[in-house]
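Chemist: Input structure: run39.txt, which contains compact mmCIF, C-alpha atoms and all ligand atoms.
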# COMPACT_ATOMS: atom_id res chain seq x y z
CA MET A 237 -0.34 -26.88 -0.83
CA LYS A 238 1.46 -23.67 -1.86
CA THR A 239 3.73 -21.82 0.53
CA TYR A 240 3.92 -18.03 0.33
CA LEU A 241 6.44 -15.57 1.69
CA VAL A 242 4.55 -12.30 2.12
CA THR A 243 6.74 -9.39 3.20
CA GLY A 244 5.36 -6.19 4.71
CA ALA A 245 2.08 -7.84 5.74
CA ALA A 246 1.83 -5.82 8.96
CA GLY A 247 1.36 -2.71 6.79
CA PHE A 248 -1.75 -1.42 5.04
CA ILE A 249 -2.02 -3.34 1.76
CA GLY A 250 -0.01 -6.37 2.89
CA ALA A 251 -2.35 -6.94 5.84
CA ASN A 252 -5.43 -6.68 3.63
CA TYR A 253 -3.81 -9.08 1.14
CA LEU A 254 -2.89 -11.57 3.87
CA LYS A 255 -6.47 -11.62 5.15
CA TYR A 256 -7.77 -11.94 1.59
CA ILE A 257 -5.61 -14.91 0.52
CA LEU A 258 -6.08 -16.79 3.82
CA ALA A 259 -9.85 -16.49 3.40
CA LYS A 260 -9.80 -17.29 -0.33
CA HIS A 261 -7.41 -20.25 -0.52
CA ASP A 262 -7.72 -23.23 1.86
CA ASP A 263 -4.65 -24.96 0.52
CA ILE A 264 -1.98 -22.39 1.37
CA ARG A 265 0.55 -21.70 4.09
CA VAL A 266 1.95 -18.19 4.57
CA VAL A 267 5.13 -16.95 6.17
CA VAL A 268 5.03 -13.22 6.97
CA LEU A 269 8.28 -11.27 7.17
CA ASP A 270 7.96 -7.71 8.46
CA ALA A 271 10.41 -5.39 10.21
CA LEU A 272 7.55 -3.69 12.11
CA THR A 273 8.67 -0.17 11.30
CA TYR A 274 6.43 2.73 12.39
CA ALA A 275 4.08 1.63 9.55
CA GLY A 276 3.82 -2.00 10.58
CA ASN A 277 1.42 -2.98 13.34
CA LEU A 278 1.28 -6.54 14.50
CA GLY A 279 -2.12 -5.92 16.06
CA THR A 280 -3.56 -5.60 12.55
CA ILE A 281 -2.79 -9.24 11.77
CA ALA A 282 -2.77 -10.67 15.32
CA ASN A 283 -5.79 -12.89 14.58
CA ASP A 284 -4.30 -14.19 11.32
CA ILE A 285 -0.83 -15.32 12.44
CA ASP A 286 0.83 -17.91 14.65
CA ASN A 287 -1.25 -20.90 13.64
CA ASP A 288 -0.56 -23.81 11.28
CA ARG A 289 -1.50 -21.71 8.21
CA CYS A 290 0.41 -18.51 8.94
CA ILE A 291 3.67 -17.82 10.76
CA PHE A 292 5.11 -14.40 11.56
CA PHE A 293 8.81 -13.42 11.57
CA LYS A 294 10.01 -9.98 12.61
CA GLY A 295 12.93 -9.12 10.37
CA ASP A 296 14.41 -6.96 7.67
CA ILE A 297 14.10 -7.88 3.98
CA CYS A 298 17.73 -6.70 3.64
CA ASP A 299 18.92 -9.46 6.02
CA ARG A 300 20.58 -12.11 3.87
CA GLU A 301 21.06 -14.71 6.57
CA LEU A 302 17.43 -14.53 7.66
CA ALA A 303 16.17 -14.71 4.07
CA ASP A 304 18.29 -17.82 3.38
CA ARG A 305 17.12 -19.47 6.61
CA LEU A 306 13.45 -18.86 5.77
CA PHE A 307 13.85 -20.09 2.19
CA GLY A 308 15.65 -23.22 3.46
CA GLU A 309 13.05 -23.97 6.07
CA TYR A 310 9.84 -23.21 4.18
CA LYS A 311 10.59 -23.94 0.49
CA PHE A 312 8.47 -21.04 -0.75
CA ASP A 313 6.48 -21.34 -3.97
CA TYR A 314 5.47 -17.68 -4.12
CA ILE A 315 7.10 -14.50 -2.84
CA VAL A 316 4.97 -11.39 -2.73
CA ASN A 317 7.00 -8.35 -1.76
CA PHE A 318 5.00 -5.53 -0.17
CA ALA A 319 7.72 -4.49 2.28
CA ALA A 320 8.80 -0.94 1.58
CA GLU A 321 9.19 2.51 2.96
CA SER A 322 6.07 3.93 1.37
CA HIS A 323 5.48 7.57 2.31
CA VAL A 324 6.67 10.19 -0.19
CA ASP A 325 7.01 12.95 2.45
CA ARG A 326 9.28 10.75 4.56
CA SER A 327 11.38 9.94 1.48
CA ILE A 328 12.00 13.66 1.01
CA GLU A 329 13.28 13.80 4.62
CA ASN A 330 15.37 10.61 4.53
CA PRO A 331 15.99 9.25 1.03
CA GLN A 332 18.70 6.77 2.02
CA LEU A 333 16.39 4.56 4.06
CA PHE A 334 14.08 4.33 1.03
CA LEU A 335 16.89 3.32 -1.29
CA MET A 336 18.19 0.74 1.19
CA THR A 337 14.84 -0.95 1.90
CA ASN A 338 13.12 -0.59 -1.43
CA ILE A 339 16.04 -1.39 -3.74
CA LEU A 340 18.53 -3.46 -1.75
CA GLY A 341 15.77 -5.27 0.14
CA THR A 342 14.22 -6.30 -3.19
CA GLN A 343 17.60 -7.42 -4.52
CA ASN A 344 18.20 -9.45 -1.34
CA LEU A 345 14.88 -11.28 -1.74
CA LEU A 346 15.55 -11.93 -5.42
CA ASP A 347 18.99 -13.38 -4.63
CA ALA A 348 17.66 -15.55 -1.81
CA ALA A 349 15.01 -16.85 -4.21
CA ARG A 350 17.66 -17.48 -6.85
CA ARG A 351 19.78 -19.48 -4.42
CA ALA A 352 16.75 -21.53 -3.39
CA TRP A 353 14.92 -21.96 -6.70
CA VAL A 354 17.57 -22.54 -9.36
CA THR A 355 17.82 -26.22 -10.23
CA GLY A 356 20.59 -26.18 -12.86
CA LYS A 357 21.47 -24.68 -16.25
CA ASP A 358 20.01 -25.03 -19.74
CA GLU A 359 22.06 -25.56 -22.91
CA ASN A 360 22.56 -21.78 -23.30
CA GLY A 361 23.83 -21.31 -19.76
CA TYR A 362 20.59 -19.80 -18.40
CA PRO A 363 19.52 -21.01 -14.95
CA THR A 364 16.62 -23.47 -14.84
CA TRP A 365 13.98 -22.86 -12.18
CA ARG A 366 11.90 -25.03 -9.87
CA LYS A 367 8.46 -25.51 -11.49
CA GLY A 368 5.59 -23.29 -10.37
CA VAL A 369 7.55 -20.69 -8.44
CA ARG A 370 6.94 -16.95 -8.75
CA TYR A 371 8.42 -13.71 -7.38
CA HIS A 372 5.90 -10.87 -7.37
CA GLN A 373 6.83 -7.23 -6.84
CA VAL A 374 4.14 -4.85 -5.59
CA SER A 375 4.87 -1.55 -7.29
CA THR A 376 3.17 1.77 -7.87
CA ASP A 377 1.92 4.05 -10.63
CA GLU A 378 4.32 6.69 -9.27
CA VAL A 379 7.14 5.07 -11.28
CA TYR A 380 5.66 6.65 -14.42
CA GLY A 381 6.02 10.23 -13.18
CA SER A 382 3.34 12.83 -13.75
CA LEU A 383 0.64 13.36 -16.40
CA GLY A 384 -0.88 16.55 -17.77
CA ALA A 385 -4.65 16.92 -17.99
CA GLU A 386 -4.98 14.19 -20.65
CA GLY A 387 -3.85 10.58 -21.12
CA TYR A 388 -3.14 7.51 -19.00
CA PHE A 389 -0.20 5.46 -17.79
CA HIS A 390 0.16 2.28 -19.85
CA GLU A 391 2.60 -0.55 -19.06
CA THR A 392 4.76 0.79 -21.89
CA THR A 393 4.86 4.39 -20.59
CA PRO A 394 8.51 5.35 -19.95
CA LEU A 395 9.51 5.26 -16.30
CA CYS A 396 10.11 8.80 -15.04
CA PRO A 397 9.99 9.00 -11.23
CA HIS A 398 10.32 12.33 -9.41
CA SER A 399 10.46 11.65 -5.66
CA PRO A 400 13.07 9.60 -3.78
CA TYR A 401 10.23 7.15 -2.99
CA SER A 402 9.18 6.67 -6.60
CA ALA A 403 12.82 6.57 -7.75
CA SER A 404 13.48 3.74 -5.29
CA LYS A 405 10.38 1.82 -6.44
CA THR A 406 11.36 2.34 -10.09
CA SER A 407 14.87 1.06 -9.41
CA ALA A 408 13.43 -2.00 -7.66
CA ASP A 409 11.17 -2.69 -10.68
CA MET A 410 14.15 -2.45 -12.99
CA VAL A 411 16.17 -4.85 -10.82
CA VAL A 412 13.26 -7.31 -10.84
CA MET A 413 13.04 -7.13 -14.65
CA ALA A 414 16.84 -7.42 -14.93
CA TYR A 415 16.62 -10.73 -13.03
CA HIS A 416 14.00 -11.90 -15.49
CA ASP A 417 16.00 -10.86 -18.54
CA THR A 418 19.38 -12.06 -17.22
CA TYR A 419 18.43 -15.23 -15.35
CA LYS A 420 14.97 -15.97 -16.80
CA MET A 421 13.64 -15.67 -13.26
CA PRO A 422 9.83 -16.11 -13.08
CA VAL A 423 8.74 -12.66 -11.95
CA THR A 424 5.71 -10.38 -12.28
CA ILE A 425 5.06 -6.77 -11.28
CA THR A 426 1.84 -4.91 -10.54
CA ARG A 427 1.78 -1.12 -10.62
CA CYS A 428 -1.22 0.19 -8.75
CA SER A 429 -2.77 3.58 -8.17
CA ASN A 430 -3.57 5.08 -4.73
CA ASN A 431 -5.26 2.60 -2.42
CA TYR A 432 -7.75 3.39 0.32
CA GLY A 433 -9.55 1.22 2.87
CA PRO A 434 -9.19 -0.30 6.36
CA TYR A 435 -5.83 -0.37 8.20
CA HIS A 436 -4.43 2.59 6.24
CA PHE A 437 -1.85 4.42 8.34
CA PRO A 438 -3.16 7.89 9.28
CA GLU A 439 -0.34 9.82 7.67
CA LYS A 440 -1.89 9.19 4.22
CA LEU A 441 -4.59 11.52 2.92
CA ILE A 442 -7.92 9.78 3.62
CA PRO A 443 -7.19 8.33 7.10
CA LEU A 444 -5.39 11.56 8.09
CA ILE A 445 -8.46 13.61 7.21
CA ILE A 446 -10.75 11.21 9.11
CA LYS A 447 -8.46 11.30 12.16
CA ASN A 448 -8.19 15.10 12.15
CA ILE A 449 -11.96 15.53 11.86
CA LEU A 450 -12.55 13.20 14.80
CA GLU A 451 -9.99 15.21 16.80
CA GLY A 452 -11.47 18.56 15.74
CA LYS A 453 -8.25 19.61 13.99
CA LYS A 454 -7.61 21.51 10.76
CA LEU A 455 -7.42 19.49 7.53
CA PRO A 456 -4.11 20.17 5.74
CA VAL A 457 -4.23 20.14 1.92
CA TYR A 458 -1.08 20.55 -0.15
CA GLY A 459 -0.85 23.56 -2.50
CA ASP A 460 -4.23 24.39 -4.00
CA GLY A 461 -5.47 20.79 -3.70
CA SER A 462 -5.62 20.31 -7.48
CA ASN A 463 -3.30 17.27 -7.68
CA VAL A 464 -5.16 14.32 -9.15
CA ARG A 465 -4.87 10.71 -8.00
CA ASP A 466 -6.69 7.58 -9.17
CA TRP A 467 -8.21 5.84 -6.10
CA LEU A 468 -8.76 2.09 -5.78
CA TYR A 469 -10.36 0.20 -2.88
CA VAL A 470 -7.64 -1.92 -1.29
CA GLU A 471 -9.47 -5.24 -1.62
CA ASP A 472 -9.67 -4.76 -5.39
CA HIS A 473 -5.89 -4.32 -5.43
CA CYS A 474 -5.49 -7.53 -3.37
CA LYS A 475 -7.67 -9.42 -5.87
CA ALA A 476 -5.52 -8.15 -8.73
CA ILE A 477 -2.29 -9.29 -7.04
CA ASP A 478 -3.80 -12.70 -6.28
CA LEU A 479 -4.71 -13.14 -9.97
CA VAL A 480 -1.31 -12.00 -11.23
CA VAL A 481 0.66 -14.19 -8.80
CA ARG A 482 -1.31 -17.28 -9.83
CA GLN A 483 -2.19 -16.61 -13.47
CA GLY A 484 -0.10 -13.68 -14.68
CA LYS A 485 2.48 -14.25 -17.39
CA GLU A 486 6.12 -14.40 -16.32
CA GLY A 487 8.13 -11.27 -17.07
CA GLU A 488 5.01 -9.09 -17.40
CA VAL A 489 3.95 -5.84 -15.77
CA TYR A 490 0.25 -5.24 -15.04
CA ASN A 491 -1.18 -1.80 -14.30
CA VAL A 492 -3.97 -1.80 -11.69
CA GLY A 493 -6.29 1.18 -11.24
CA GLY A 494 -9.85 2.20 -10.55
CA HIS A 495 -10.55 4.73 -13.32
CA ASN A 496 -11.53 6.91 -10.41
CA GLU A 497 -9.67 10.18 -10.67
CA LYS A 498 -10.20 12.79 -7.98
CA THR A 499 -8.32 15.89 -6.90
CA ASN A 500 -7.01 15.91 -3.34
CA LEU A 501 -9.46 18.71 -2.55
CA GLU A 502 -12.38 16.62 -3.84
CA ILE A 503 -11.26 13.72 -1.64
CA VAL A 504 -11.15 15.96 1.43
CA LYS A 505 -14.56 17.49 0.72
CA LEU A 506 -16.10 14.05 0.08
CA THR A 507 -14.63 12.72 3.34
CA ILE A 508 -16.06 15.68 5.30
CA ALA A 509 -19.49 15.23 3.68
CA THR A 510 -19.53 11.45 4.23
CA ILE A 511 -18.57 11.68 7.91
CA ARG A 512 -21.24 14.30 8.45
CA ARG A 513 -23.85 12.19 6.66
CA LEU A 514 -22.99 9.03 8.61
CA MET A 515 -23.12 10.94 11.90
CA THR A 516 -26.47 12.47 10.96
CA GLU A 517 -27.97 9.08 10.01
CA ASN A 518 -26.48 7.38 13.05
CA PRO A 519 -25.86 9.84 15.93
CA SER A 520 -24.20 7.10 18.05
CA TYR A 521 -21.11 7.57 15.84
CA ARG A 522 -20.68 11.04 17.37
CA LYS A 523 -19.33 9.38 20.53
CA VAL A 524 -15.93 9.03 18.83
CA LEU A 525 -15.59 12.80 18.37
CA LYS A 526 -13.07 14.39 20.75
CA LYS A 527 -15.14 17.58 20.70
CA GLN A 528 -18.25 16.80 22.72
CA GLU A 529 -20.20 20.12 22.61
CA LYS A 530 -23.98 19.75 22.51
CA ASP A 531 -26.24 21.20 19.79
CA ALA A 532 -29.71 22.73 20.28
CA ASN A 533 -31.30 19.24 20.33
CA GLY A 534 -29.00 18.03 23.08
CA GLU A 535 -27.05 15.82 20.62
CA ILE A 536 -23.26 16.06 20.23
CA ALA A 537 -22.78 18.92 17.73
CA ILE A 538 -21.50 18.21 14.22
CA ASP A 539 -22.26 21.52 12.47
CA TRP A 540 -18.56 22.46 12.83
CA ILE A 541 -17.63 19.48 10.57
CA ASN A 542 -17.55 21.46 7.35
CA GLU A 543 -15.21 22.77 4.67
CA ASP A 544 -14.00 25.62 6.91
CA LEU A 545 -11.71 23.04 8.52
CA ILE A 546 -9.65 22.88 5.32
CA THR A 547 -6.31 24.67 5.45
CA PHE A 548 -4.04 24.92 2.44
CA VAL A 549 -0.38 24.23 3.33
CA LYS A 550 2.90 24.70 1.45
CA ASP A 551 3.02 22.29 -1.47
CA ARG A 552 5.08 19.09 -1.34
CA LEU A 553 8.46 19.46 -3.09
CA GLY A 554 8.33 18.05 -6.63
CA HIS A 555 4.63 17.24 -6.24
CA ASP A 556 3.40 15.21 -9.24
CA GLN A 557 0.30 16.81 -10.78
CA ARG A 558 -1.73 13.87 -12.03
CA TYR A 559 -1.64 10.06 -11.99
CA ALA A 560 -4.12 8.00 -14.02
CA ILE A 561 -3.83 4.30 -14.78
CA ASP A 562 -5.04 2.39 -17.81
CA PRO A 563 -5.83 -1.10 -16.45
CA THR A 564 -6.97 -2.56 -19.81
CA LYS A 565 -4.23 -5.20 -19.89
CA ILE A 566 -5.15 -6.90 -16.60
CA MET A 567 -8.86 -6.58 -17.42
CA ASN A 568 -8.45 -8.33 -20.79
CA ALA A 569 -5.80 -10.85 -19.77
CA LEU A 570 -7.07 -11.91 -16.34
CA GLY A 571 -10.68 -10.70 -16.15
CA TRP A 572 -9.94 -8.32 -13.26
CA TYR A 573 -11.98 -5.18 -12.79
CA PRO A 574 -12.38 -2.60 -9.99
CA GLU A 575 -15.45 -4.02 -8.24
CA THR A 576 -15.90 -1.43 -5.50
CA LYS A 577 -17.39 1.88 -6.61
CA PHE A 578 -15.75 4.84 -4.88
CA GLU A 579 -19.04 5.99 -3.27
CA VAL A 580 -19.37 2.54 -1.67
CA GLY A 581 -15.68 2.15 -0.78
CA ILE A 582 -15.39 5.50 0.95
CA VAL A 583 -18.41 4.76 3.16
CA LYS A 584 -16.99 1.30 4.05
CA THR A 585 -13.66 2.93 4.86
CA ILE A 586 -15.03 5.72 7.05
CA ASP A 587 -17.38 3.28 8.76
CA TRP A 588 -14.37 1.06 9.54
CA TYR A 589 -12.41 3.96 11.06
CA LEU A 590 -15.37 5.08 13.16
CA ASN A 591 -15.64 1.56 14.55
CA ASN A 592 -11.90 0.96 15.00
CA GLN A 593 -10.57 3.94 16.92
CA GLU A 594 -8.53 1.63 19.18
CA TRP A 595 -6.49 0.58 16.15
CA VAL A 596 -5.87 4.24 15.25
CA GLU A 597 -4.74 5.03 18.82
CA GLU A 598 -2.39 2.06 18.74
CA VAL A 599 -0.64 2.96 15.48
CA THR A 600 -0.46 6.67 16.13
CA SER A 601 1.49 6.50 19.38
CA GLY A 602 5.23 7.12 19.66
CA ASP A 603 7.25 7.75 16.54
CA TYR A 604 4.27 8.80 14.45
CA GLN A 605 3.32 11.54 16.89
CA ASN A 606 6.76 13.16 16.71
CA TYR A 607 6.73 12.95 12.94
CA TYR A 608 3.25 14.40 12.72
CA GLU A 609 4.18 17.38 14.91
CA ARG A 610 7.30 18.06 12.86
CA MET A 611 5.46 17.97 9.56
CA TYR A 612 2.30 19.89 10.36
CA SER A 613 2.59 22.04 13.47
CA LYS A 614 4.79 24.73 11.90
CA ARG A 615 2.65 25.22 8.82
P1 LIG B 701 2.91 0.52 4.48
O1 LIG B 701 3.92 1.59 4.72
O2 LIG B 701 1.57 0.62 5.11
O3 LIG B 701 3.53 -0.89 4.94
C1 LIG B 701 4.84 -1.26 4.68
C2 LIG B 701 5.17 -2.48 5.53
O4 LIG B 701 6.53 -2.87 5.21
C3 LIG B 701 5.13 -2.21 7.04
O5 LIG B 701 4.49 -3.28 7.69
C4 LIG B 701 6.59 -2.14 7.44
O6 LIG B 701 6.83 -2.56 8.78
C5 LIG B 701 7.23 -3.09 6.44
N1 LIG B 701 8.65 -2.81 6.19
C6 LIG B 701 9.23 -1.61 5.94
N2 LIG B 701 10.55 -1.76 5.80
C7 LIG B 701 10.82 -3.10 5.94
C8 LIG B 701 12.01 -3.88 5.87
N3 LIG B 701 13.19 -3.31 5.64
N4 LIG B 701 11.91 -5.21 6.05
C9 LIG B 701 10.69 -5.78 6.30
N5 LIG B 701 9.55 -5.09 6.38
C10 LIG B 701 9.61 -3.76 6.20
O7 LIG B 701 2.81 0.39 2.91
P2 LIG B 701 1.55 0.06 1.98
O8 LIG B 701 0.81 1.31 1.72
O9 LIG B 701 0.83 -1.11 2.55
O10 LIG B 701 2.28 -0.36 0.65
C11 LIG B 701 2.70 -1.70 0.43
C12 LIG B 701 3.39 -1.79 -0.92
O11 LIG B 701 2.50 -1.38 -1.94
C13 LIG B 701 4.63 -0.89 -1.02
O12 LIG B 701 5.62 -1.59 -1.73
C14 LIG B 701 4.14 0.32 -1.82
O13 LIG B 701 5.18 0.88 -2.57
C15 LIG B 701 3.09 -0.34 -2.71
N6 LIG B 701 1.98 0.54 -3.15
C16 LIG B 701 1.26 1.26 -2.23
C17 LIG B 701 0.17 2.03 -2.67
C18 LIG B 701 -0.69 2.79 -1.68
O14 LIG B 701 -1.60 3.51 -2.11
N7 LIG B 701 -0.50 2.65 -0.38
C19 LIG B 701 -0.14 2.08 -4.03
C20 LIG B 701 0.62 1.33 -4.92
C21 LIG B 701 1.66 0.56 -4.46
Let me see the structure of the file written as structure tokens.
Ligand code: NAD

Modeler:
Amino acid sequence: MKTYLVTGAAGFIGANYLKYILAKHDDIRVVVLDALTYAGNLGTIANDIDNDRCIFFKGDICDRELADRLFGEYKFDYIVNFAAESHVDRSIENPQLFLMTNILGTQNLLDAARRAWVTGKDENGYPTWRKGVRYHQVSTDEVYGSLGAEGYFHETTPLCPHSPYSASKTSADMVVMAYHDTYKMPVTITRCSNNYGPYHFPEKLIPLIIKNILEGKKLPVYGDGSNVRDWLYVEDHCKAIDLVVRQGKEGEVYNVGGHNEKTNLEIVKLTIATIRRLMTENPSYRKVLKKQEKDANGEIAIDWINEDLITFVKDRLGHDQRYAIDPTKIMNALGWYPETKFEVGIVKTIDWYLNNQEWVEEVTSGDYQNYYERMYSKR
């Protein structure tokens, strides 16, 4: 029986990971620690928690007392740290929160683990560690900075972050590696490209576009839409983390990506086309549209769902041009590969959003609404 501490599991990737590991491994117990910021929604994991396999605690990863109490009580074998402030635009508005959570929160978890896991000292003065424990840091390809038209990020690519978000994630990675080098702490890091899939908060590109289409709003695209991201279906990321936590080599970084590069404009156009196709094949989906005008056949009209909805807005400050991951290391070392083709993943994702509008309503109330108005209404 292994006991996990999974932080940030009320957020997008953490929630998908929690569901994945609970379904995959019978012999585990999970403690979830999440501060339930605007990005964390307990409803997402309501059916997974508060039973003898999974317990939820609302709390801040920066809270030392809480971390020590949880480590004392549950004797964790694995820590998987998803908790973070994760939205680049918000980091441009309020960098300090990102540095506090993403760097100091990581350091707090590492120190709590050190206090709980160190068993003594070896002959050279290095700490000795309880057998079989592992700290895993969920990181991002944004730590590498930006690429030109050619080339890929490798694990050895120099770290060169540009936004406050990516700078905070880079710093956290460096702290994690410093604990490995200084204390021989058993750590691993995964650096993944852009994820998409169910439970993605609708401030990020794909769910934002879906939400705006359903509400009949314009579709904001930064700059000329030419920025390139590598998109990976979230479950494939969860599988990669599961492999690295259990079989990855201590002190190693693994890049995770889908070899699926698309410009932001391509993503928006594909999302428009896919929604339109799904609503043509299955007109009952049209019920979720806020705009309920009828077409000539008496069906709810969808002809207005087209590329005319796209509106180009002022570019993000310091916007990185291109990210592209080389995942060869994890493929060769652990047999991982991106299983979900983008054409399949995007349909699964849109289908999920069309069937889960209650979830969208729930997460987009309150704080998010104010933020959304501030960011987009004046453009
Ligand atoms: P998210 O914003 O959807 O979720 C973050 C979660 O962390 C939320 O549940 C939030 O309540 C919680 N949280 C925030 N601050 C906290 C604190 N101080 N203490 C405890 N909990 C706190 O983020 P996500 O998209 O699921 O990303 C998860 C992780 O994966 C992040 O570390 C992010 O940097 C990394 N990542 C994300 C992507 C992506 O495409 N979304 C890609 C690569 C890596």

Chemist: Which neighbours of range 405-413 of chain A fall inside 9 Å, counting only C-alpha atoms, when residues of the same chain fewer than 4 positions from it are skipped, and could you give them as an MDAnalysis selection string?

Modeler: chainID A and resid 320 334:335 338:343 346 371:376 378:380 395:397 400:401 417:418 421 423:425 487:488

Chemist: Give the padded box for range 574-581 of chain A as lines of an AutoDock Vina configuration file: axis-aligned, covering all atoms listed in the file, 6 Å on each side, centre and edge lengths in Å to one decimal.

Modeler:
center_x = -15.9
center_y = 1.0
center_z = -5.4
size_x = 19.0
size_y = 22.0
size_z = 21.2

Chemist: Give me, as a PDB file with C-alpha atoms, keeping the file's coordinate frame, the set of residues whose atoms come within 7 Å of any atom of ligand LIG 701 (chain B), counting only C-alpha atoms and all ligand atoms.

Modeler:
ATOM      1  CA  THR A 243       6.740  -9.390   3.200  1.00  0.00           C
ATOM      2  CA  GLY A 244       5.360  -6.190   4.710  1.00  0.00           C
ATOM      3  CA  ALA A 245       2.080  -7.840   5.740  1.00  0.00           C
ATOM      4  CA  ALA A 246       1.830  -5.820   8.960  1.00  0.00           C
ATOM      5  CA  GLY A 247       1.360  -2.710   6.790  1.00  0.00           C
ATOM      6  CA  PHE A 248      -1.750  -1.420   5.040  1.00  0.00           C
ATOM      7  CA  ILE A 249      -2.020  -3.340   1.760  1.00  0.00           C
ATOM      8  CA  GLY A 250      -0.010  -6.370   2.890  1.00  0.00           C
ATOM      9  CA  LEU A 269       8.280 -11.270   7.170  1.00  0.00           C
ATOM     10  CA  ASP A 270       7.960  -7.710   8.460  1.00  0.00           C
ATOM     11  CA  ALA A 271      10.410  -5.390  10.210  1.00  0.00           C
ATOM     12  CA  LEU A 272       7.550  -3.690  12.110  1.00  0.00           C
ATOM     13  CA  THR A 273       8.670  -0.170  11.300  1.00  0.00           C
ATOM     14  CA  TYR A 274       6.430   2.730  12.390  1.00  0.00           C
ATOM     15  CA  ALA A 275       4.080   1.630   9.550  1.00  0.00           C
ATOM     16  CA  GLY A 276       3.820  -2.000  10.580  1.00  0.00           C
ATOM     17  CA  ASN A 277       1.420  -2.980  13.340  1.00  0.00           C
ATOM     18  CA  GLY A 295      12.930  -9.120  10.370  1.00  0.00           C
ATOM     19  CA  ASP A 296      14.410  -6.960   7.670  1.00  0.00           C
ATOM     20  CA  ILE A 297      14.100  -7.880   3.980  1.00  0.00           C
ATOM     21  CA  CYS A 298      17.730  -6.700   3.640  1.00  0.00           C
ATOM     22  CA  ASN A 317       7.000  -8.350  -1.760  1.00  0.00           C
ATOM     23  CA  PHE A 318       5.000  -5.530  -0.170  1.00  0.00           C
ATOM     24  CA  ALA A 319       7.720  -4.490   2.280  1.00  0.00           C
ATOM     25  CA  ALA A 320       8.800  -0.940   1.580  1.00  0.00           C
ATOM     26  CA  GLU A 321       9.190   2.510   2.960  1.00  0.00           C
ATOM     27  CA  SER A 322       6.070   3.930   1.370  1.00  0.00           C
ATOM     28  CA  HIS A 323       5.480   7.570   2.310  1.00  0.00           C
ATOM     29  CA  THR A 337      14.840  -0.950   1.900  1.00  0.00           C
ATOM     30  CA  GLY A 341      15.770  -5.270   0.140  1.00  0.00           C
ATOM     31  CA  VAL A 374       4.140  -4.850  -5.590  1.00  0.00           C
ATOM     32  CA  SER A 375       4.870  -1.550  -7.290  1.00  0.00           C
ATOM     33  CA  THR A 376       3.170   1.770  -7.870  1.00  0.00           C
ATOM     34  CA  ASP A 377       1.920   4.050 -10.630  1.00  0.00           C
ATOM     35  CA  LYS A 405      10.380   1.820  -6.440  1.00  0.00           C
ATOM     36  CA  ARG A 427       1.780  -1.120 -10.620  1.00  0.00           C
ATOM     37  CA  CYS A 428      -1.220   0.190  -8.750  1.00  0.00           C
ATOM     38  CA  SER A 429      -2.770   3.580  -8.170  1.00  0.00           C
ATOM     39  CA  ASN A 430      -3.570   5.080  -4.730  1.00  0.00           C
ATOM     40  CA  ASN A 431      -5.260   2.600  -2.420  1.00  0.00           C
ATOM     41  CA  TYR A 432      -7.750   3.390   0.320  1.00  0.00           C
ATOM     42  CA  HIS A 436      -4.430   2.590   6.240  1.00  0.00           C
ATOM     43  CA  PHE A 437      -1.850   4.420   8.340  1.00  0.00           C
TER      44      PHE A 437
END

Chemist: For CA of Lys357 in chain A and CA of Ala414 in chain A, quote the distance in Å rounded to one decimal.

Modeler: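 So the two atoms, CA of Lys357 in chain A and CA of Ala414 in chain A, lie 17.9 Å apart.
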
Chemist: Under the rule that only C-alpha atoms are counted, which of A:Asp347, A:Asp299, A:Glu502, A:Glu597 is the nearest residue to Leu450 in chain A?

Modeler: A:Glu597

Chemist: Skip Glu579 in chain A itself and residues of its chain fewer than 6 positions away, then list as an MDAnalysis selection string all residues within 12 Å of it, counting all atoms listed in the file.

Modeler: chainID A and resid 467:469 496 503 506:507 509:510 585:586
